[in-house]
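> Please find one structure pasted underneath; my questions will follow.
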Amino acid sequence: MTKITHLTSAHPRYDTRIFIKMCCSLAKKECYDVSLVVADAQGDEVKSGVRIFDVGKKSGRIRRILGTTKEVFLKAKSLESDIYHLHDPELLPVGLKLKKLGKTVIFDAHEDLPKQILGKSYLHPWIRHVLSRLMAMYERYACGKFDAIVTATPYIRDKFSEITNARIVDINNFPIITEFKEDISWREKEDAVCYIGGIARIRGIVEIVKALEYTDNIKLLLAGKFSEIETETEVKACAGWQHVEELGFLGRKEVAEVLHRSKAGLVTLHPIVNYQDALPVKMFEYMAAGVPVISSDITLWRRIVEESSCGLCVDPLDPKAIAEAINYIVSHPQEAEQMGRNGQKAVLIKYNWGIEEQKLYKLYEGLLS
């Protein structure tokens, strides 16, 4: 039996991409013994056929990067696995050490890290550019030593194709369609729209809440956690907050119920550099649930929405434009329901985990052969 271990020092143990999709998919194969190393201080466990090992949680970014990374390596080494699959850039040195031990190593690039650094507004522009270039150089060096690179989007795949000769495959974070109800009961829906995911200024929460001031008494179902105290304070002081139903962090079943209640799903992230080529998970989950999408007017996202005829694109920095889209969808139920069905059809045909799962299996089989 082939022993496979996924490693993360920063993601939660039940991360949708890492655990629910990749680890659980691999664990379905009888020929694979799958483990996951995490750092969350919640202890070891076995879940859905995956053995989860916890190395503990350290406070502070520096302690996590240095101390936790070392603990992850020591646990990974002790497991004596055949394949190691890394999910965080800070684990690149761990991957290099595992390669020296003769192991097969996969690096999973969830994001374009050099471009992500350029989007960090709290850093001085000069520092951003220097850090971005240094990370690009180190990423090129480390990934050139690995056996395979997995990317979360075709754009990141193409970038890596230019810097390494390793096996490269994009495994997109598309929805598991069985998580969502097939039937769209439009009459059961509320006059509500939803936002699901991490809540931050750069993800458009300020404009979304302000947009509620211009809607026709429409509710926002807000599922997720605020990552910035100052942003949370600001939006809760807005007049539009009275129309918000704050739900906090939800599990997968609860997310499906929120989508069942909603007439539209918002993915109005700010058009910063590292979002231009991203494929936001929430957009495809809205589509899978038959919920029309209100998306930022980013070229790639607009192409997906328009090709599928599954929603509307708006200026994410304009609350009135967001409100206009919300009002249109809620006041045009027949068109909105058709948008929802169009999105669901696109997911069934193209944007679903079943297709990506087969790419994952093919990658592992290729490495083992």
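Residue numbering restarts at 1 for every chain of the structure tokens, chains are lettered A, B, ... in their displayed order, and ligands are numbered from 1 as they appear.
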Considering only C-alpha atoms, return as an MDAnalysis selection string whatever protein or nucleic-acid residues lie within 7 Å of range 192-195 of chain A, sequence-local ones (same chain, fewer than 6 positions apart) excluded.

chainID A and resid 218:223 262:266

> Within 9 Å of Pro154 in chain A, counting only C-alpha atoms, which residues qualify if same-chain residues fewer than 6 places away don't, as number ranges by chain?

A: 169-172, 277

> Counting only C-alpha atoms, which residue out of A:Lys97, A:His11, A:Ile117, A:Phe73 sits closest to Ala142 in chain A?

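Ranked by minimum distance to Ala142 in chain A, first place goes to A:Lys97.
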
> Range 163-206 of chain A: which residues are helix (DSSP H, G or I) by DSSP, as a count of residues only?

11

> Between A:Tyr351, A:Phe107, A:Tyr214, A:Phe284, which is the closest to Ala166 in chain A once you count only C-alpha atoms?

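For Ala166 in chain A, the nearest of the candidates is A:Phe107.
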
> Measuring atom to atom with only C-alpha atoms, identify which of A:Leu113, A:Leu7, A:Cys31, A:Leu118 is nearest to Val72 in chain A.

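With only C-alpha atoms as the atom set, the closest residue is A:Leu7.
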